[in-house]
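Have a look at the structure below before the remarks.
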Number of protein chains: 2
Amino acid sequence: MEYSIGDFSKLTGLGIHTLRYYEHEGLIAPERNASNRRCYSDKDLTWIEFIKRLKDTRMPIKEIRHYAELRAAGDPTLSERMEMLVQHRQALNEQIAQLQEHKTKLDEKIEFYRKEIERVNNTNL
Amino acid sequence: MEYSIGDFSKLTGLGIHTLRYYEHEGLIAPERNASNRRCYSDKDLTWIEFIKRLKDTRMPIKEIRHYAELRAAGDPTLSERMEMLVQHRQALNEQIAQLQEHKTKLDEKIEFYRKEIERVNNTNL
DNA sequence: TCTTGACATAGAGTTTACTCTACATTGTAT
DNA sequence: ATACAATGTAGAGTAAACTCTATGTCAAGA
């Protein structure tokens, strides 16, 4: 299937402006039809979903662009791309560990609040 | 203990400019000495560490300011603060779940790359 | 006393990632 | 054929969170 930018926008949940911006930043390069309209493919869809993952996991656009460039260069860059992903997995593992620690502390804090509220209530009997 | 802004900066890992910015944004309000210099306390240290947690878990500064205002208002706002934290815990749980899904997909992708690299290597024997 | 370094404020500048505006062109329904 | 909605480009504007600059004050060591 091929999609106009409007359809692709609905499909991905990204705004039309954002899609053009991503193209300008070298993240994605959809085909063009005879009248210069963008034609997004299903491959583009898979790719943009992966870009969304990278973004969600805090990879900056610059780095995603670098990955996109390697990807465009094909097979010879396979191992370099894999290295990037392995690095990124490491970063992601650290993020998760960090968030889990934050969660523990937040749970403790909430428990403290619960007790404190109870205490204040009892004081004002 | 009391700390000058320079000491406090080293202690927290936040730049001096950032500390002043946080104060300007209503996140923290250190005491001042006779000559108007900021005097950060150990309480401020605990508080800023908590702010760092909130930031790390993607709470925007506006919201942290709101929490800071409630905190400054004391006991009457205890339950409202707890509600905020409970809400934020929910958001944090979702973040963690999301990141774990991203991790799974990333692992799969890396495994795909590993096989692909092997395949390409064998093709070129 | 003099100098130097830390600190003060106010406001400008930077970075990242969009988001929007202006204006021209094209595709489609009447 | 005409209107109007979608798309194109170029570039300006926005929001968040810093980060830096200019200029002035103050306190402690040589």
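Lettering and numbering for the structure tokens are positional, with chains as A, B, ... in the shown order, residues counted from 1 in each chain, and ligands counted from 1 in the shown order.
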Would you give me, as a PyMOL selection string, the residues of chain B that come within 9 Å of chain C, using only C-alpha atoms (C1' of nucleotides)?
chain B and resi 4-6+36-38
How would chain A read as a tab-separated table (two decimals) with N, CA and C atoms, in the first residue's frame once least-squares superposed on chain B using all paired C-alpha atoms?
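The result, stored in selection.tsv:
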```tsv
chain	number	residue	atom	x	y	z
A	1	MET	N	23.84	21.73	58.70
A	1	MET	CA	24.84	22.43	57.87
A	1	MET	C	24.19	23.42	56.92
A	2	GLU	N	24.95	24.46	56.58
A	2	GLU	CA	24.51	25.41	55.56
A	2	GLU	C	25.55	25.49	54.46
A	3	TYR	N	25.06	25.72	53.26
A	3	TYR	CA	25.95	25.70	52.11
A	3	TYR	C	25.78	26.95	51.26
A	4	SER	N	26.90	27.43	50.76
A	4	SER	CA	26.85	28.51	49.77
A	4	SER	C	26.34	27.89	48.46
A	5	ILE	N	25.99	28.72	47.52
A	5	ILE	CA	25.49	28.19	46.25
A	5	ILE	C	26.56	27.37	45.54
A	6	GLY	N	27.81	27.77	45.71
A	6	GLY	CA	28.91	27.02	45.08
A	6	GLY	C	29.03	25.63	45.65
A	7	ASP	N	29.00	25.54	46.97
A	7	ASP	CA	29.07	24.24	47.62
A	7	ASP	C	27.86	23.38	47.27
A	8	PHE	N	26.71	24.04	47.29
A	8	PHE	CA	25.47	23.30	47.02
A	8	PHE	C	25.46	22.78	45.59
A	9	SER	N	26.02	23.56	44.71
A	9	SER	CA	26.14	23.14	43.31
A	9	SER	C	26.96	21.86	43.21
A	10	LYS	N	28.10	21.82	43.89
A	10	LYS	CA	28.94	20.62	43.86
A	10	LYS	C	28.22	19.44	44.51
A	11	LEU	N	27.52	19.75	45.59
A	11	LEU	CA	26.82	18.72	46.35
A	11	LEU	C	25.71	18.05	45.53
A	12	THR	N	25.04	18.84	44.74
A	12	THR	CA	23.87	18.32	44.01
A	12	THR	C	24.19	17.94	42.57
A	13	GLY	N	25.33	18.44	42.08
A	13	GLY	CA	25.64	18.18	40.68
A	13	GLY	C	24.89	19.10	39.73
A	14	LEU	N	24.15	20.04	40.28
A	14	LEU	CA	23.44	21.01	39.44
A	14	LEU	C	24.28	22.28	39.33
A	15	GLY	N	24.29	22.88	38.18
A	15	GLY	CA	25.07	24.11	38.00
A	15	GLY	C	24.52	25.25	38.83
A	16	ILE	N	25.38	26.20	39.12
A	16	ILE	CA	24.97	27.38	39.87
A	16	ILE	C	23.83	28.10	39.15
A	17	HIS	N	23.96	28.22	37.86
A	17	HIS	CA	22.94	28.89	37.05
A	17	HIS	C	21.61	28.16	37.16
A	18	THR	N	21.72	26.84	37.15
A	18	THR	CA	20.52	26.02	37.24
A	18	THR	C	19.84	26.20	38.59
A	19	LEU	N	20.62	26.26	39.66
A	19	LEU	CA	20.05	26.46	41.00
A	19	LEU	C	19.32	27.80	41.09
A	20	ARG	N	19.93	28.83	40.53
A	20	ARG	CA	19.26	30.14	40.55
A	20	ARG	C	17.99	30.10	39.70
A	21	TYR	N	18.10	29.38	38.58
A	21	TYR	CA	16.93	29.22	37.71
A	21	TYR	C	15.80	28.50	38.45
A	22	TYR	N	16.11	27.44	39.14
A	22	TYR	CA	15.09	26.71	39.90
A	22	TYR	C	14.44	27.61	40.95
A	23	GLU	N	15.24	28.43	41.56
A	23	GLU	CA	14.69	29.36	42.55
A	23	GLU	C	13.75	30.35	41.87
A	24	HIS	N	14.20	30.86	40.74
A	24	HIS	CA	13.38	31.81	39.97
A	24	HIS	C	12.05	31.18	39.57
A	25	GLU	N	12.08	29.90	39.27
A	25	GLU	CA	10.89	29.17	38.84
A	25	GLU	C	10.05	28.68	40.02
A	26	GLY	N	10.48	29.03	41.23
A	26	GLY	CA	9.66	28.69	42.40
A	26	GLY	C	9.79	27.26	42.87
A	27	LEU	N	10.90	26.60	42.50
A	27	LEU	CA	11.06	25.21	42.91
A	27	LEU	C	11.68	25.12	44.31
A	28	ILE	N	12.52	26.08	44.63
A	28	ILE	CA	13.24	26.04	45.89
A	28	ILE	C	13.47	27.46	46.38
A	29	ALA	N	13.46	27.64	47.69
A	29	ALA	CA	13.61	29.00	48.23
A	29	ALA	C	14.58	29.00	49.40
A	30	PRO	N	15.88	28.97	49.13
A	30	PRO	CA	16.86	28.93	50.21
A	30	PRO	C	16.83	30.21	51.04
A	31	GLU	N	17.26	30.09	52.27
A	31	GLU	CA	17.42	31.28	53.14
A	31	GLU	C	18.47	32.20	52.54
A	32	ARG	N	18.50	33.44	53.08
A	32	ARG	CA	19.57	34.37	52.69
A	32	ARG	C	20.29	34.81	53.97
A	33	ASN	N	21.57	35.07	53.88
A	33	ASN	CA	22.30	35.58	55.04
A	33	ASN	C	22.24	37.13	55.05
A	34	ALA	N	22.99	37.71	55.97
A	34	ALA	CA	22.93	39.17	56.15
A	34	ALA	C	23.28	39.92	54.87
A	35	SER	N	24.20	39.34	54.08
A	35	SER	CA	24.58	40.06	52.85
A	35	SER	C	23.90	39.47	51.61
A	36	ASN	N	22.71	38.91	51.85
A	36	ASN	CA	21.86	38.47	50.73
A	36	ASN	C	22.36	37.24	49.97
A	37	ARG	N	23.38	36.57	50.51
A	37	ARG	CA	23.84	35.33	49.87
A	37	ARG	C	22.89	34.19	50.22
A	38	ARG	N	22.73	33.29	49.27
A	38	ARG	CA	21.86	32.12	49.50
A	38	ARG	C	22.50	31.16	50.52
A	39	CYS	N	21.74	30.67	51.46
A	39	CYS	CA	22.19	29.67	52.43
A	39	CYS	C	21.35	28.41	52.28
A	40	TYR	N	21.86	27.43	51.59
A	40	TYR	CA	21.12	26.19	51.42
A	40	TYR	C	21.31	25.32	52.66
A	41	SER	N	20.25	24.65	53.07
A	41	SER	CA	20.29	23.78	54.25
A	41	SER	C	20.25	22.31	53.84
A	42	ASP	N	20.36	21.43	54.82
A	42	ASP	CA	20.25	20.00	54.53
A	42	ASP	C	18.84	19.64	54.08
A	43	LYS	N	17.87	20.40	54.59
A	43	LYS	CA	16.50	20.19	54.14
A	43	LYS	C	16.39	20.51	52.64
A	44	ASP	N	17.07	21.60	52.24
A	44	ASP	CA	17.08	21.94	50.82
A	44	ASP	C	17.71	20.83	49.99
A	45	LEU	N	18.72	20.20	50.59
A	45	LEU	CA	19.39	19.11	49.88
A	45	LEU	C	18.44	17.94	49.64
A	46	THR	N	17.74	17.55	50.69
A	46	THR	CA	16.75	16.47	50.55
A	46	THR	C	15.70	16.83	49.50
A	47	TRP	N	15.26	18.07	49.58
A	47	TRP	CA	14.22	18.53	48.67
A	47	TRP	C	14.71	18.53	47.22
A	48	ILE	N	15.94	19.01	47.01
A	48	ILE	CA	16.43	19.07	45.64
A	48	ILE	C	16.65	17.66	45.08
A	49	GLU	N	17.01	16.74	45.94
A	49	GLU	CA	17.17	15.36	45.48
A	49	GLU	C	15.82	14.81	45.03
A	50	PHE	N	14.78	15.20	45.74
A	50	PHE	CA	13.44	14.76	45.33
A	50	PHE	C	13.03	15.43	44.02
A	51	ILE	N	13.34	16.69	43.89
A	51	ILE	CA	13.07	17.39	42.63
A	51	ILE	C	13.77	16.67	41.47
A	52	LYS	N	14.98	16.25	41.69
A	52	LYS	CA	15.73	15.54	40.65
A	52	LYS	C	15.01	14.25	40.25
A	53	ARG	N	14.46	13.57	41.22
A	53	ARG	CA	13.68	12.36	40.93
A	53	ARG	C	12.47	12.69	40.06
A	54	LEU	N	11.76	13.73	40.47
A	54	LEU	CA	10.57	14.10	39.71
A	54	LEU	C	10.95	14.46	38.27
A	55	LYS	N	12.03	15.19	38.14
A	55	LYS	CA	12.49	15.56	36.80
A	55	LYS	C	12.88	14.33	35.99
A	56	ASP	N	13.63	13.45	36.59
A	56	ASP	CA	14.07	12.23	35.93
A	56	ASP	C	12.89	11.39	35.45
A	57	THR	N	11.81	11.49	36.19
A	57	THR	CA	10.63	10.71	35.82
A	57	THR	C	9.67	11.57	34.98
A	58	ARG	N	10.24	12.61	34.38
A	58	ARG	CA	9.55	13.41	33.36
A	58	ARG	C	8.45	14.32	33.87
A	59	MET	N	8.49	14.69	35.15
A	59	MET	CA	7.52	15.69	35.58
A	59	MET	C	8.02	17.06	35.14
A	60	PRO	N	7.17	17.82	34.44
A	60	PRO	CA	7.60	19.14	33.99
A	60	PRO	C	7.76	20.12	35.16
A	61	ILE	N	8.57	21.12	34.95
A	61	ILE	CA	8.89	22.09	36.00
A	61	ILE	C	7.65	22.78	36.55
A	62	LYS	N	6.72	23.10	35.68
A	62	LYS	CA	5.45	23.71	36.10
A	62	LYS	C	4.78	22.90	37.20
A	63	GLU	N	4.74	21.60	36.98
A	63	GLU	CA	4.06	20.73	37.92
A	63	GLU	C	4.86	20.61	39.22
A	64	ILE	N	6.17	20.56	39.08
A	64	ILE	CA	7.01	20.52	40.28
A	64	ILE	C	6.80	21.80	41.08
A	65	ARG	N	6.68	22.91	40.37
A	65	ARG	CA	6.43	24.17	41.07
A	65	ARG	C	5.12	24.09	41.85
A	66	HIS	N	4.10	23.53	41.22
A	66	HIS	CA	2.82	23.40	41.90
A	66	HIS	C	2.98	22.59	43.18
A	67	TYR	N	3.69	21.49	43.07
A	67	TYR	CA	3.95	20.66	44.24
A	67	TYR	C	4.70	21.46	45.30
A	68	ALA	N	5.68	22.23	44.85
A	68	ALA	CA	6.49	23.05	45.78
A	68	ALA	C	5.61	24.06	46.52
A	69	GLU	N	4.65	24.61	45.80
A	69	GLU	CA	3.75	25.59	46.42
A	69	GLU	C	2.89	24.93	47.49
A	70	LEU	N	2.38	23.76	47.17
A	70	LEU	CA	1.58	23.01	48.15
A	70	LEU	C	2.42	22.70	49.39
A	71	ARG	N	3.62	22.27	49.12
A	71	ARG	CA	4.56	21.91	50.18
A	71	ARG	C	4.80	23.11	51.10
A	72	ALA	N	4.97	24.27	50.49
A	72	ALA	CA	5.21	25.49	51.26
A	72	ALA	C	4.00	25.85	52.12
A	73	ALA	N	2.82	25.41	51.69
A	73	ALA	CA	1.60	25.73	52.43
A	73	ALA	C	1.41	24.82	53.65
A	74	GLY	N	2.23	23.78	53.75
A	74	GLY	CA	2.21	22.93	54.94
A	74	GLY	C	1.12	21.88	55.00
A	75	ASP	N	0.85	21.44	56.24
A	75	ASP	CA	-0.05	20.32	56.50
A	75	ASP	C	-1.39	20.34	55.76
A	76	PRO	N	-2.05	21.49	55.66
A	76	PRO	CA	-3.37	21.47	55.01
A	76	PRO	C	-3.35	20.91	53.58
A	77	THR	N	-2.18	20.88	52.96
A	77	THR	CA	-2.11	20.40	51.57
A	77	THR	C	-1.59	18.97	51.47
A	78	LEU	N	-1.43	18.32	52.60
A	78	LEU	CA	-0.86	16.96	52.60
A	78	LEU	C	-1.57	16.02	51.64
A	79	SER	N	-2.89	16.00	51.73
A	79	SER	CA	-3.59	15.00	50.92
A	79	SER	C	-3.57	15.36	49.44
A	80	GLU	N	-3.59	16.65	49.16
A	80	GLU	CA	-3.49	17.06	47.75
A	80	GLU	C	-2.13	16.66	47.17
A	81	ARG	N	-1.10	16.85	47.99
A	81	ARG	CA	0.24	16.43	47.54
A	81	ARG	C	0.29	14.93	47.33
A	82	MET	N	-0.32	14.19	48.25
A	82	MET	CA	-0.29	12.74	48.09
A	82	MET	C	-1.01	12.32	46.81
A	83	GLU	N	-2.11	12.98	46.53
A	83	GLU	CA	-2.82	12.68	45.27
A	83	GLU	C	-1.91	12.87	44.07
A	84	MET	N	-1.17	13.98	44.09
A	84	MET	CA	-0.24	14.24	42.99
A	84	MET	C	0.76	13.10	42.85
A	85	LEU	N	1.27	12.67	43.99
A	85	LEU	CA	2.29	11.61	43.95
A	85	LEU	C	1.70	10.30	43.46
A	86	VAL	N	0.48	10.03	43.88
A	86	VAL	CA	-0.16	8.79	43.45
A	86	VAL	C	-0.38	8.82	41.93
A	87	GLN	N	-0.86	9.95	41.45
A	87	GLN	CA	-0.99	10.16	40.00
A	87	GLN	C	0.35	9.94	39.30
A	88	HIS	N	1.36	10.53	39.88
A	88	HIS	CA	2.67	10.45	39.25
A	88	HIS	C	3.21	9.03	39.26
A	89	ARG	N	2.91	8.32	40.32
A	89	ARG	CA	3.32	6.91	40.38
A	89	ARG	C	2.67	6.12	39.25
A	90	GLN	N	1.43	6.43	38.99
A	90	GLN	CA	0.71	5.79	37.89
A	90	GLN	C	1.45	6.05	36.57
A	91	ALA	N	1.77	7.32	36.34
A	91	ALA	CA	2.49	7.68	35.12
A	91	ALA	C	3.83	6.94	35.05
A	92	LEU	N	4.49	6.86	36.18
A	92	LEU	CA	5.79	6.21	36.23
A	92	LEU	C	5.67	4.71	35.92
A	93	ASN	N	4.63	4.08	36.47
A	93	ASN	CA	4.41	2.66	36.17
A	93	ASN	C	4.20	2.46	34.67
A	94	GLU	N	3.48	3.39	34.07
A	94	GLU	CA	3.25	3.27	32.62
A	94	GLU	C	4.55	3.45	31.85
A	95	GLN	N	5.35	4.41	32.29
A	95	GLN	CA	6.65	4.61	31.65
A	95	GLN	C	7.48	3.34	31.70
A	96	ILE	N	7.51	2.72	32.88
A	96	ILE	CA	8.33	1.52	33.04
A	96	ILE	C	7.82	0.40	32.14
A	97	ALA	N	6.50	0.22	32.13
A	97	ALA	CA	5.91	-0.83	31.28
A	97	ALA	C	6.26	-0.59	29.82
A	98	GLN	N	6.13	0.67	29.42
A	98	GLN	CA	6.43	1.06	28.04
A	98	GLN	C	7.90	0.77	27.70
A	99	LEU	N	8.78	1.16	28.58
A	99	LEU	CA	10.21	0.94	28.32
A	99	LEU	C	10.51	-0.55	28.24
A	100	GLN	N	9.82	-1.33	29.07
A	100	GLN	CA	10.07	-2.76	29.03
A	100	GLN	C	9.62	-3.37	27.70
A	101	GLU	N	8.54	-2.85	27.18
A	101	GLU	CA	8.10	-3.31	25.87
A	101	GLU	C	9.13	-2.91	24.81
A	102	HIS	N	9.59	-1.67	24.90
A	102	HIS	CA	10.61	-1.22	23.95
A	102	HIS	C	11.85	-2.11	24.03
A	103	LYS	N	12.19	-2.48	25.24
A	103	LYS	CA	13.36	-3.35	25.42
A	103	LYS	C	13.17	-4.69	24.72
A	104	THR	N	12.00	-5.28	24.90
A	104	THR	CA	11.70	-6.56	24.24
A	104	THR	C	11.87	-6.44	22.73
A	105	LYS	N	11.27	-5.40	22.18
A	105	LYS	CA	11.35	-5.20	20.73
A	105	LYS	C	12.78	-4.95	20.28
A	106	LEU	N	13.50	-4.21	21.07
A	106	LEU	CA	14.89	-3.92	20.72
A	106	LEU	C	15.73	-5.20	20.75
A	107	ASP	N	15.48	-6.04	21.75
A	107	ASP	CA	16.17	-7.32	21.83
A	107	ASP	C	15.89	-8.15	20.57
A	108	GLU	N	14.64	-8.16	20.17
A	108	GLU	CA	14.27	-8.90	18.96
A	108	GLU	C	15.01	-8.37	17.74
A	109	LYS	N	15.02	-7.05	17.66
A	109	LYS	CA	15.67	-6.41	16.51
A	109	LYS	C	17.16	-6.75	16.47
A	110	ILE	N	17.78	-6.74	17.63
A	110	ILE	CA	19.21	-7.05	17.69
A	110	ILE	C	19.45	-8.50	17.27
A	111	GLU	N	18.58	-9.37	17.71
A	111	GLU	CA	18.68	-10.78	17.33
A	111	GLU	C	18.54	-10.93	15.81
A	112	PHE	N	17.62	-10.18	15.25
A	112	PHE	CA	17.43	-10.19	13.80
A	112	PHE	C	18.71	-9.74	13.10
A	113	TYR	N	19.31	-8.69	13.61
A	113	TYR	CA	20.56	-8.19	13.03
A	113	TYR	C	21.66	-9.25	13.10
A	114	ARG	N	21.72	-9.91	14.25
A	114	ARG	CA	22.76	-10.93	14.43
A	114	ARG	C	22.66	-11.99	13.34
A	115	LYS	N	21.43	-12.44	13.12
A	115	LYS	CA	21.21	-13.48	12.10
A	115	LYS	C	21.50	-12.94	10.70
A	116	GLU	N	21.09	-11.72	10.48
A	116	GLU	CA	21.25	-11.11	9.16
A	116	GLU	C	22.73	-10.95	8.82
A	117	ILE	N	23.50	-10.53	9.81
A	117	ILE	CA	24.94	-10.37	9.60
A	117	ILE	C	25.58	-11.72	9.28
A	118	GLU	N	25.14	-12.74	10.02
A	118	GLU	CA	25.65	-14.08	9.76
A	118	GLU	C	25.31	-14.53	8.34
A	119	ARG	N	24.06	-14.29	7.96
A	119	ARG	CA	23.60	-14.67	6.62
A	119	ARG	C	24.46	-14.00	5.54
A	120	VAL	N	24.66	-12.68	5.70
A	120	VAL	CA	25.46	-11.94	4.72
A	120	VAL	C	26.87	-12.49	4.66
A	121	ASN	N	27.43	-12.80	5.83
A	121	ASN	CA	28.77	-13.37	5.86
A	121	ASN	C	28.83	-14.68	5.09
A	122	ASN	N	27.84	-15.53	5.29
A	122	ASN	CA	27.82	-16.82	4.60
A	122	ASN	C	27.65	-16.66	3.11
A	123	THR	N	26.83	-15.69	2.70
A	123	THR	CA	26.61	-15.43	1.28
A	123	THR	C	27.92	-15.08	0.58
A	124	ASN	N	28.78	-14.35	1.27
A	124	ASN	CA	30.03	-13.89	0.66
A	124	ASN	C	31.20	-14.86	0.84
A	125	LEU	N	30.91	-16.09	1.11
A	125	LEU	CA	32.02	-17.04	1.31
A	125	LEU	C	32.82	-17.24	0.02
```
Please build the interface table for chain D against chain B with a cut-off of 12 Å, listing for each qualifying residue the nearest atom pair and the distance in Å to one decimal; count only C-alpha atoms (C1' of nucleotides), order rows by chain and increasing number, and write it as CSV.
```
residue,atom,partner,partner_atom,distance
D:DA15,C1',B:Pro60,CA,11.6
D:DA16,C1',B:Pro60,CA,8.4
D:DA17,C1',B:Ile61,CA,8.4
D:DC18,C1',B:Thr18,CA,6.8
D:DT19,C1',B:His17,CA,6.9
D:DC20,C1',B:His17,CA,8.6
D:DT21,C1',B:His17,CA,11.9
D:DT25,C1',B:Ser35,CA,9.4
D:DC26,C1',B:Ser35,CA,7.8
D:DA27,C1',B:Ser35,CA,9.9
```
Produce a file of the selected residues containing N, CA and C atoms (P, O5', C5', C4', C3', O3' and C1' of nucleotides), as an mmCIF file, in the first residue's frame.
```
data_model
loop_
_atom_site.group_PDB
_atom_site.id
_atom_site.type_symbol
_atom_site.label_atom_id
_atom_site.label_comp_id
_atom_site.auth_asym_id
_atom_site.auth_seq_id
_atom_site.Cartn_x
_atom_site.Cartn_y
_atom_site.Cartn_z
ATOM 1 P P DA D 15 4.027 29.247 23.376
ATOM 2 O "O5'" DA D 15 4.844 28.012 23.969
ATOM 3 C "C5'" DA D 15 4.615 26.712 23.437
ATOM 4 C "C4'" DA D 15 5.454 25.737 24.228
ATOM 5 C "C3'" DA D 15 5.739 26.181 25.666
ATOM 6 O "O3'" DA D 15 5.579 25.041 26.494
ATOM 7 C "C1'" DA D 15 7.779 25.837 24.489
ATOM 8 P P DA D 16 5.778 25.216 28.090
ATOM 9 O "O5'" DA D 16 7.141 24.419 28.298
ATOM 10 C "C5'" DA D 16 7.289 23.142 27.708
ATOM 11 C "C4'" DA D 16 8.695 22.661 27.980
ATOM 12 C "C3'" DA D 16 9.167 22.971 29.404
ATOM 13 O "O3'" DA D 16 9.735 21.772 29.917
ATOM 14 C "C1'" DA D 16 10.697 23.835 27.811
ATOM 15 P P DA D 17 10.127 21.694 31.486
ATOM 16 O "O5'" DA D 17 11.697 21.988 31.417
ATOM 17 C "C5'" DA D 17 12.499 21.142 30.605
ATOM 18 C "C4'" DA D 17 13.893 21.705 30.547
ATOM 19 C "C3'" DA D 17 14.431 22.214 31.898
ATOM 20 O "O3'" DA D 17 15.768 21.741 32.080
ATOM 21 C "C1'" DA D 17 14.708 23.834 30.248
ATOM 22 P P DC D 18 16.382 21.652 33.546
ATOM 23 O "O5'" DC D 18 16.855 23.172 33.862
ATOM 24 C "C5'" DC D 18 18.175 23.630 33.637
ATOM 25 C "C4'" DC D 18 18.543 23.598 32.173
ATOM 26 C "C3'" DC D 18 19.963 24.036 31.931
ATOM 27 O "O3'" DC D 18 20.562 23.203 30.946
ATOM 28 C "C1'" DC D 18 18.492 25.415 30.706
ATOM 29 P P DT D 19 22.170 23.010 31.029
ATOM 30 O "O5'" DT D 19 22.764 24.457 30.695
ATOM 31 C "C5'" DT D 19 23.059 24.802 29.340
ATOM 32 C "C4'" DT D 19 23.509 26.233 29.258
ATOM 33 C "C3'" DT D 19 24.672 26.634 30.176
ATOM 34 O "O3'" DT D 19 25.770 26.900 29.319
ATOM 35 C "C1'" DT D 19 23.020 28.324 30.048
ATOM 36 P P DC D 20 27.205 27.367 29.806
ATOM 37 O "O5'" DC D 20 27.204 28.911 29.395
ATOM 38 C "C5'" DC D 20 26.590 29.289 28.145
ATOM 39 C "C4'" DC D 20 26.407 30.794 28.117
ATOM 40 C "C3'" DC D 20 27.577 31.581 28.702
ATOM 41 O "O3'" DC D 20 28.007 32.478 27.692
ATOM 42 C "C1'" DC D 20 25.511 32.379 29.564
ATOM 43 P P DT D 21 29.374 33.335 27.912
ATOM 44 O "O5'" DT D 21 28.773 34.811 28.080
ATOM 45 C "C5'" DT D 21 27.713 35.231 27.239
ATOM 46 C "C4'" DT D 21 27.323 36.653 27.618
ATOM 47 C "C3'" DT D 21 28.473 37.511 28.146
ATOM 48 O "O3'" DT D 21 28.414 38.777 27.514
ATOM 49 C "C1'" DT D 21 26.692 37.491 29.705
ATOM 50 P P DT D 25 27.638 48.358 42.988
ATOM 51 O "O5'" DT D 25 27.697 47.070 43.943
ATOM 52 C "C5'" DT D 25 26.491 46.371 44.282
ATOM 53 C "C4'" DT D 25 26.838 45.266 45.261
ATOM 54 C "C3'" DT D 25 27.680 45.693 46.465
ATOM 55 O "O3'" DT D 25 27.122 45.080 47.617
ATOM 56 C "C1'" DT D 25 28.730 43.903 45.371
ATOM 57 P P DC D 26 27.553 45.590 49.080
ATOM 58 O "O5'" DC D 26 28.351 44.333 49.635
ATOM 59 C "C5'" DC D 26 27.884 43.007 49.352
ATOM 60 C "C4'" DC D 26 28.980 42.009 49.683
ATOM 61 C "C3'" DC D 26 29.873 42.405 50.872
ATOM 62 O "O3'" DC D 26 30.069 41.246 51.665
ATOM 63 C "C1'" DC D 26 31.194 41.896 48.997
ATOM 64 P P DA D 27 30.492 41.407 53.214
ATOM 65 O "O5'" DA D 27 31.156 39.982 53.506
ATOM 66 C "C5'" DA D 27 31.206 38.989 52.482
ATOM 67 C "C4'" DA D 27 32.546 38.262 52.523
ATOM 68 C "C3'" DA D 27 33.395 38.513 53.772
ATOM 69 O "O3'" DA D 27 34.051 37.290 54.085
ATOM 70 C "C1'" DA D 27 34.596 39.215 51.867
#
```
